[in-house]
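Encoded as structure tokens, the structure appears first; notes follow it.
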Amino acid sequence: MTLEALGFFGGGEVTAPAPRTWFVPAFANVAVFETDEGLLLVDVGMRAFGPKIHASVREKTQAPLHTVVYTHGHVDHAFGLDAWLAEPAGKPRIVAHRDVRTRFERYARMGELNARINQVQFAVESLSWPNEFFWPTEVYDDALTLELGGETFELRHTRGESDDATWVWVPGRKVLCTGDFWIGCAPNCGNPQKVQRYAEEWEATLRAMADLGAEVLLPGHGAPILGAEAIRAALLDAASYLRAIIDATFEGLAKGLPHDTVVERVRIPPELAEKPYLQPVYDRPEFIARNIIRLHAGWWNGVAADLLPASLASRAKEIAALAGGAANLVARARALEASDAPLACHLAEWAHEADPSDRAANEAIRDLYTRRADAESSLMARNIFRARAKRAAEALFPPKDE
Ligand SMILES: [Zn+2]
């Protein structure tokens with residue numbers, strides 16, 4: 001199963017999973033609710049995809065846009081409003097959790113860092129971070145009920161992938177819009193490059209959602225789920241998946257184990273590991289455990305030598321000298337490539353760190369990480385490996401100036 005096959009990046013036809021309700025599969029998905037007073041949209045997609053999403057909605061309904069709800073302020077959810085604002089009806093009400101504003105303020109300050117992180121995560125050459133925002137016109141803290149055209153929309157805030165999350169329950173239509181609490185694969189609750197996620201609150205949210213009796217689940221990414229039984233089972237499975245990681249992580253931390261060992265001991269129960277909607281194709285359970293550790297036990301990894309460590313270079317030089325030279329590290333890395341890729345990568349990195357100009361070390365790094373990326377299920381891990389291979393390749397053959 002790949003992210004593409006799961007519909008993670010959108011594409012495909014607009015569907016009507018409930019009366020006067022449309023689902024637009026995009027990056028990210030958009031849910032459209034027609035009411036007697038106008039449309040309510042849950043999310044508006046990425047800025048670049050906004051016009052296409054708008055056009056596909058306008059093939060289905062001409063009702064004026066009244067209200068937009070952001071499930072959170074990520075660039076793929078809250079930036080596709082241009083085409084809507086160009087309509088004669090003018091500016092819609094935009095409702096979001098209070099911290100969406102804080103997020104936008106942070107984005108305005110930290111665009112360069114966010115662009116770099118996402119270039120690596122999504123393996124794109126260049127990426128410009130937005131510095132224009134469609135600010136919420138109305139914010140709330142914990143819960144908010146909107147009445148629009150005779151329809152009730154219950155907005156709830158809990159933390160999960162983000163601290164500014166909203167999920168929406170439409171009881172009259174039995175439709176649940178999860179935002180990124182549901183993305184059709186293992187939850188993005190670990191992400192190695194990004195800010196804190198909240199595994200326990202996420203688990204509790206999934207259990208609360210499971211109790212609603214939803215008959216249509218419209219996710220932030222990936223395909224909708226239809227049918228009360230299927231929805232409840234899927235949400236509870238995802239909750240149990242997070243709980244398994246949380247429990248194993250807490251247990252290891254309570255024993256005072258080094259963080260690497262805590263993570264090694266995390267196991268997903270086989271009956272959950274085989275679920276098609278819990279595959280580690282975006283995030284990974286190991287990363288989720290790291291995020292739980294970061295939240296509760298700080299950044300020190302439990303190895304005393306790593307608290308105030310010797311420099312990377314001095315460690316690598318010493319290891320290379322003990323090995324009889326960096327060439328021996330590289331040779332051993334090559335020998336381990338097929339049987340123990342993680343260990344091989346450590347050896348190659350030590351060789352490189354001992355002498356950054358060593359071509360054989362850079363060649364090994366390029367080859368090892370390329371092979372590892374090819375074998376890796378998780379997009380986040382795969383693209384970090386690819387970025388490392390690329391950096392090594394560029395050190396071997398620096399790009400020529402134009
Ligand atoms: Zn998203």
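Chain labels follow the order of the structure tokens: the first chain is A, the next B, and so on; residue numbering restarts at 1 in every chain, and ligands are counted from 1 in their shown order.
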
Next on the checklist: List as a ChimeraX atom specification the protein and nucleic acid residues near Gly160 (chain A), meaning an atom at most 12 Å away when only C-alpha atoms are counted, but skip any in the same chain fewer than 4 places from it.
Outcome noted: /A:71-72,164-167,178-182,187-190,195-206,239,242,288,291-292

Same residues, C-alpha atoms, saved as a PDB file, in the first residue's frame:
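part_28.pdb was written with the following content:
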```pdb
ATOM      1  CA  THR A  71      -9.504  22.007  10.849  1.00  0.00           C
ATOM      2  CA  HIS A  72      -6.073  23.566  11.524  1.00  0.00           C
ATOM      3  CA  ASP A 164      -4.839  24.286  16.765  1.00  0.00           C
ATOM      4  CA  ALA A 165      -7.039  21.390  15.643  1.00  0.00           C
ATOM      5  CA  THR A 166     -10.798  21.446  15.097  1.00  0.00           C
ATOM      6  CA  TRP A 167     -13.014  18.521  14.174  1.00  0.00           C
ATOM      7  CA  THR A 178     -11.918  14.570  11.264  1.00  0.00           C
ATOM      8  CA  GLY A 179      -9.260  16.911   9.895  1.00  0.00           C
ATOM      9  CA  ASP A 180      -5.890  15.190  10.192  1.00  0.00           C
ATOM     10  CA  PHE A 181      -6.971  13.037  13.148  1.00  0.00           C
ATOM     11  CA  TRP A 182      -7.690  10.564  10.331  1.00  0.00           C
ATOM     12  CA  PRO A 187      -1.219   8.803  12.291  1.00  0.00           C
ATOM     13  CA  ASN A 188       1.193  11.682  11.642  1.00  0.00           C
ATOM     14  CA  CYS A 189       1.951  11.702  15.343  1.00  0.00           C
ATOM     15  CA  GLY A 190       5.726  11.328  15.195  1.00  0.00           C
ATOM     16  CA  VAL A 195       6.753  20.388  16.221  1.00  0.00           C
ATOM     17  CA  GLN A 196       5.215  18.433  19.075  1.00  0.00           C
ATOM     18  CA  ARG A 197       2.297  16.075  18.494  1.00  0.00           C
ATOM     19  CA  TYR A 198      -0.074  14.918  21.268  1.00  0.00           C
ATOM     20  CA  ALA A 199      -0.553  11.149  21.224  1.00  0.00           C
ATOM     21  CA  GLU A 200      -2.718  10.751  24.328  1.00  0.00           C
ATOM     22  CA  GLU A 201      -5.120  13.544  23.428  1.00  0.00           C
ATOM     23  CA  TRP A 202      -5.224  12.101  19.911  1.00  0.00           C
ATOM     24  CA  GLU A 203      -6.196   8.686  21.255  1.00  0.00           C
ATOM     25  CA  ALA A 204      -8.940  10.192  23.438  1.00  0.00           C
ATOM     26  CA  THR A 205     -10.243  12.165  20.462  1.00  0.00           C
ATOM     27  CA  LEU A 206     -10.491   9.045  18.290  1.00  0.00           C
ATOM     28  CA  ALA A 239      -6.870   4.689  19.151  1.00  0.00           C
ATOM     29  CA  LEU A 242      -1.605   4.909  19.603  1.00  0.00           C
ATOM     30  CA  ILE A 288       5.565   8.418  17.419  1.00  0.00           C
ATOM     31  CA  ASN A 291       7.455  12.317  20.079  1.00  0.00           C
ATOM     32  CA  ILE A 292       5.919  10.913  23.254  1.00  0.00           C
TER      33      ILE A 292
END
```

Cut-off 12 Å: closest chain A/ligand 1 atom pairs per residue, using only C-alpha atoms and all ligand atoms, as a tab-separated table:
```
residue	atom	partner	partner_atom_place_in_ligand_line	distance
A:Phe8	CA	ligand 1	1 (Zn)	9.2
A:Phe9	CA	ligand 1	1 (Zn)	9.6
A:Gly10	CA	ligand 1	1 (Zn)	11.1
A:Ala26	CA	ligand 1	1 (Zn)	10.3
A:Phe27	CA	ligand 1	1 (Zn)	7.4
A:Ala28	CA	ligand 1	1 (Zn)	5.6
A:Asn29	CA	ligand 1	1 (Zn)	8.4
A:Val30	CA	ligand 1	1 (Zn)	10.9
A:Asp43	CA	ligand 1	1 (Zn)	9.9
A:Val44	CA	ligand 1	1 (Zn)	11.2
A:Gly45	CA	ligand 1	1 (Zn)	8.9
A:Met46	CA	ligand 1	1 (Zn)	9.5
A:Tyr70	CA	ligand 1	1 (Zn)	11.0
A:Thr71	CA	ligand 1	1 (Zn)	9.0
A:His72	CA	ligand 1	1 (Zn)	8.4
A:Gly73	CA	ligand 1	1 (Zn)	9.2
A:His74	CA	ligand 1	1 (Zn)	6.5
A:Val75	CA	ligand 1	1 (Zn)	7.9
A:Asp76	CA	ligand 1	1 (Zn)	5.7
A:His77	CA	ligand 1	1 (Zn)	6.2
A:Ala78	CA	ligand 1	1 (Zn)	9.6
A:Phe79	CA	ligand 1	1 (Zn)	11.8
A:Gly160	CA	ligand 1	1 (Zn)	11.9
A:Glu161	CA	ligand 1	1 (Zn)	8.9
A:Ser162	CA	ligand 1	1 (Zn)	9.9
A:Ala165	CA	ligand 1	1 (Zn)	10.8
A:Thr178	CA	ligand 1	1 (Zn)	10.8
A:Gly179	CA	ligand 1	1 (Zn)	7.3
A:Asp180	CA	ligand 1	1 (Zn)	5.5
A:Phe181	CA	ligand 1	1 (Zn)	9.2
A:Trp182	CA	ligand 1	1 (Zn)	9.5
A:Ile183	CA	ligand 1	1 (Zn)	7.9
A:Gly184	CA	ligand 1	1 (Zn)	11.5
A:Pro187	CA	ligand 1	1 (Zn)	10.9
A:Asn188	CA	ligand 1	1 (Zn)	9.1
A:Cys189	CA	ligand 1	1 (Zn)	11.9
A:Pro219	CA	ligand 1	1 (Zn)	9.4
A:Gly220	CA	ligand 1	1 (Zn)	5.8
A:His221	CA	ligand 1	1 (Zn)	6.3
A:Gly222	CA	ligand 1	1 (Zn)	10.0
A:Tyr282	CA	ligand 1	1 (Zn)	11.5
```

Serialized selection, N, CA and C atoms, as a CSV table (one decimal), in the first residue's frame:
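Output contents, as saved in result_17.csv:
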```csv
chain,number,residue,atom,x,y,z
A,8,PHE,N,-3.8,9.8,-0.5
A,8,PHE,CA,-3.3,10.8,0.4
A,8,PHE,C,-3.1,12.1,-0.3
A,9,PHE,N,-2.7,12.1,-1.5
A,9,PHE,CA,-2.4,13.4,-2.2
A,9,PHE,C,-3.6,13.9,-3.0
A,10,GLY,N,-4.8,13.2,-2.8
A,10,GLY,CA,-6.0,13.7,-3.5
A,10,GLY,C,-6.2,13.2,-4.9
A,26,ALA,N,-8.5,16.1,-2.4
A,26,ALA,CA,-7.5,17.0,-2.9
A,26,ALA,C,-6.4,16.9,-1.8
A,27,PHE,N,-5.3,17.7,-2.0
A,27,PHE,CA,-4.3,17.8,-0.9
A,27,PHE,C,-4.4,19.2,-0.3
A,28,ALA,N,-5.1,19.3,0.9
A,28,ALA,CA,-5.9,18.3,1.6
A,28,ALA,C,-7.3,18.3,1.1
A,29,ASN,N,-8.1,17.3,1.6
A,29,ASN,CA,-9.5,17.2,1.2
A,29,ASN,C,-10.3,18.4,1.7
A,30,VAL,N,-11.4,18.6,1.0
A,30,VAL,CA,-12.4,19.7,1.4
A,30,VAL,C,-13.8,19.0,1.5
A,43,ASP,N,-12.3,23.2,5.6
A,43,ASP,CA,-11.0,23.3,4.9
A,43,ASP,C,-11.2,23.8,3.5
A,44,VAL,N,-10.1,24.4,3.0
A,44,VAL,CA,-10.1,24.9,1.6
A,44,VAL,C,-8.9,24.5,0.8
A,45,GLY,N,-8.1,23.6,1.3
A,45,GLY,CA,-7.0,23.1,0.5
A,45,GLY,C,-5.8,24.0,0.4
A,46,MET,N,-4.8,23.5,-0.3
A,46,MET,CA,-3.6,24.3,-0.5
A,46,MET,C,-3.8,25.4,-1.5
A,70,TYR,N,-11.6,26.0,9.5
A,70,TYR,CA,-10.3,25.4,9.3
A,70,TYR,C,-10.2,24.2,10.3
A,71,THR,N,-9.8,23.1,9.9
A,71,THR,CA,-9.5,22.0,10.8
A,71,THR,C,-8.2,22.3,11.5
A,72,HIS,N,-7.3,23.1,10.9
A,72,HIS,CA,-6.1,23.6,11.5
A,72,HIS,C,-5.4,24.5,10.5
A,73,GLY,N,-4.3,25.1,10.9
A,73,GLY,CA,-3.8,26.1,10.0
A,73,GLY,C,-2.7,25.7,9.0
A,74,HIS,N,-2.5,24.4,8.8
A,74,HIS,CA,-1.4,23.9,8.0
A,74,HIS,C,-1.6,24.4,6.5
A,75,VAL,N,-0.5,24.5,5.8
A,75,VAL,CA,-0.6,25.1,4.4
A,75,VAL,C,-1.4,24.3,3.5
A,76,ASP,N,-1.6,23.0,3.7
A,76,ASP,CA,-2.4,22.2,2.8
A,76,ASP,C,-3.9,22.3,3.1
A,77,HIS,N,-4.3,23.0,4.2
A,77,HIS,CA,-5.7,23.0,4.6
A,77,HIS,C,-6.4,24.4,4.6
A,78,ALA,N,-5.6,25.4,4.8
A,78,ALA,CA,-6.2,26.7,5.1
A,78,ALA,C,-5.8,27.9,4.1
A,79,PHE,N,-5.4,27.5,2.9
A,79,PHE,CA,-4.8,28.6,2.1
A,79,PHE,C,-5.5,28.7,0.7
A,160,GLY,N,-3.8,17.1,18.6
A,160,GLY,CA,-3.4,15.8,18.1
A,160,GLY,C,-2.2,16.0,17.2
A,161,GLU,N,-2.4,16.1,15.9
A,161,GLU,CA,-1.2,16.4,15.0
A,161,GLU,C,-0.8,17.8,15.3
A,162,SER,N,-1.8,18.7,15.6
A,162,SER,CA,-1.4,20.1,15.8
A,162,SER,C,-2.1,20.6,17.1
A,165,ALA,N,-6.1,22.3,16.4
A,165,ALA,CA,-7.0,21.4,15.6
A,165,ALA,C,-8.5,21.6,16.0
A,178,THR,N,-12.9,14.8,10.2
A,178,THR,CA,-11.9,14.6,11.3
A,178,THR,C,-10.7,15.5,11.2
A,179,GLY,N,-10.6,16.3,10.1
A,179,GLY,CA,-9.3,16.9,9.9
A,179,GLY,C,-8.2,15.8,9.9
A,180,ASP,N,-7.0,16.2,10.3
A,180,ASP,CA,-5.9,15.2,10.2
A,180,ASP,C,-5.8,14.2,11.4
A,181,PHE,N,-6.9,14.2,12.2
A,181,PHE,CA,-7.0,13.0,13.1
A,181,PHE,C,-7.1,11.7,12.4
A,182,TRP,N,-7.6,11.8,11.2
A,182,TRP,CA,-7.7,10.6,10.3
A,182,TRP,C,-7.1,10.9,8.9
A,183,ILE,N,-6.1,10.1,8.5
A,183,ILE,CA,-5.5,10.3,7.2
A,183,ILE,C,-5.4,9.0,6.4
A,184,GLY,N,-6.0,8.0,6.9
A,184,GLY,CA,-6.0,6.7,6.1
A,184,GLY,C,-4.8,5.9,6.2
A,187,PRO,N,-1.1,7.4,12.0
A,187,PRO,CA,-1.2,8.8,12.3
A,187,PRO,C,0.1,9.6,12.2
A,188,ASN,N,0.0,10.8,11.7
A,188,ASN,CA,1.2,11.7,11.6
A,188,ASN,C,1.4,12.3,13.0
A,189,CYS,N,1.8,11.4,13.9
A,189,CYS,CA,2.0,11.7,15.3
A,189,CYS,C,3.4,11.6,15.8
A,219,PRO,N,-12.2,12.5,5.9
A,219,PRO,CA,-10.9,12.7,6.5
A,219,PRO,C,-10.1,13.9,6.0
A,220,GLY,N,-9.0,14.3,6.6
A,220,GLY,CA,-8.2,15.4,6.2
A,220,GLY,C,-7.4,15.0,4.9
A,221,HIS,N,-7.0,13.7,4.9
A,221,HIS,CA,-6.3,13.1,3.7
A,221,HIS,C,-6.9,11.7,3.5
A,222,GLY,N,-6.8,11.2,2.3
A,222,GLY,CA,-7.2,9.9,2.0
A,222,GLY,C,-8.7,9.8,1.8
A,282,TYR,N,3.5,7.0,5.9
A,282,TYR,CA,3.8,8.4,6.0
A,282,TYR,C,4.7,8.6,7.3
```

Item to check | Between CA of Val216 (chain A) and CA of Asp82 (chain A), distance in Å (one decimal) | outcome: 28.4 Å

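You will find CA of Val68 (chain A) at 17.0 Å from CA of Pro25 (chain A).
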
Checklist entry - Where does DSSP see strand (DSSP E) in region 96-306 of chain A, if you list the residues as a ChimeraX atom specification? => result /A:96-97,138-140,143-148,151-156,167-170,175-179,216-219,225-226

Output the selection as a compact mmCIF listing (two decimals), in the first residue's frame - C-alpha atoms for each residue.
```txt
# COMPACT_ATOMS: atom_id res chain seq x y z
CA ALA A 96 -11.00 28.35 13.61
CA HIS A 97 -9.44 27.46 16.91
CA GLU A 138 -13.95 34.19 14.56
CA VAL A 139 -11.98 31.99 16.97
CA TYR A 140 -13.01 29.70 19.82
CA ALA A 143 -16.15 23.95 21.62
CA LEU A 144 -18.43 25.97 19.40
CA THR A 145 -21.82 25.19 17.89
CA LEU A 146 -22.67 26.88 14.59
CA GLU A 147 -26.26 27.04 13.33
CA LEU A 148 -26.47 27.70 9.63
CA GLU A 151 -28.15 22.76 10.14
CA THR A 152 -26.06 22.31 13.27
CA PHE A 153 -22.25 22.09 13.10
CA GLU A 154 -20.52 21.10 16.31
CA LEU A 155 -16.88 22.20 16.39
CA ARG A 156 -14.55 20.62 18.93
CA TRP A 167 -13.01 18.52 14.17
CA VAL A 168 -16.59 18.92 13.06
CA TRP A 169 -19.64 16.79 13.78
CA VAL A 170 -22.78 17.40 11.77
CA VAL A 175 -21.17 13.33 9.00
CA LEU A 176 -17.87 13.61 10.86
CA CYS A 177 -15.03 15.75 9.49
CA THR A 178 -11.92 14.57 11.26
CA GLY A 179 -9.26 16.91 9.89
CA VAL A 216 -19.87 9.25 7.00
CA LEU A 217 -16.27 10.02 7.94
CA LEU A 218 -14.61 12.70 5.82
CA PRO A 219 -10.86 12.74 6.53
CA ILE A 225 -15.19 5.85 5.31
CA LEU A 226 -18.87 5.00 4.98
```

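Proximity to region 119-127 of chain A at 8 Å, evaluated using only C-alpha atoms and with sequence-adjacent residues fewer than 5 positions away removed, yields Leu379, Met380, Asn383, Ile384, Arg386 and Ala387 of chain A.
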
What would the file look like if the residues just selected were written as a compact mmCIF listing (two decimals), in the first residue's frame with N, CA, C and O atoms?
```txt
# COMPACT_ATOMS: atom_id res chain seq x y z
N LEU A 379 7.11 7.72 4.03
CA LEU A 379 7.54 8.87 3.20
C LEU A 379 8.50 9.77 3.96
O LEU A 379 9.49 10.25 3.40
N MET A 380 8.22 10.00 5.25
CA MET A 380 9.09 10.90 6.02
C MET A 380 10.51 10.36 6.11
O MET A 380 11.48 11.09 5.91
N ASN A 383 12.29 10.19 2.49
CA ASN A 383 12.78 11.44 1.92
C ASN A 383 13.92 12.04 2.72
O ASN A 383 14.76 12.76 2.16
N ILE A 384 14.00 11.76 4.01
CA ILE A 384 15.19 12.18 4.77
C ILE A 384 16.40 11.39 4.27
O ILE A 384 17.49 11.95 4.07
N ARG A 386 16.74 10.13 1.25
CA ARG A 386 17.03 10.64 -0.10
C ARG A 386 17.80 11.97 -0.05
O ARG A 386 18.70 12.21 -0.83
N ALA A 387 17.38 12.83 0.91
CA ALA A 387 18.05 14.13 1.03
C ALA A 387 19.52 13.92 1.43
O ALA A 387 20.41 14.63 0.94
```
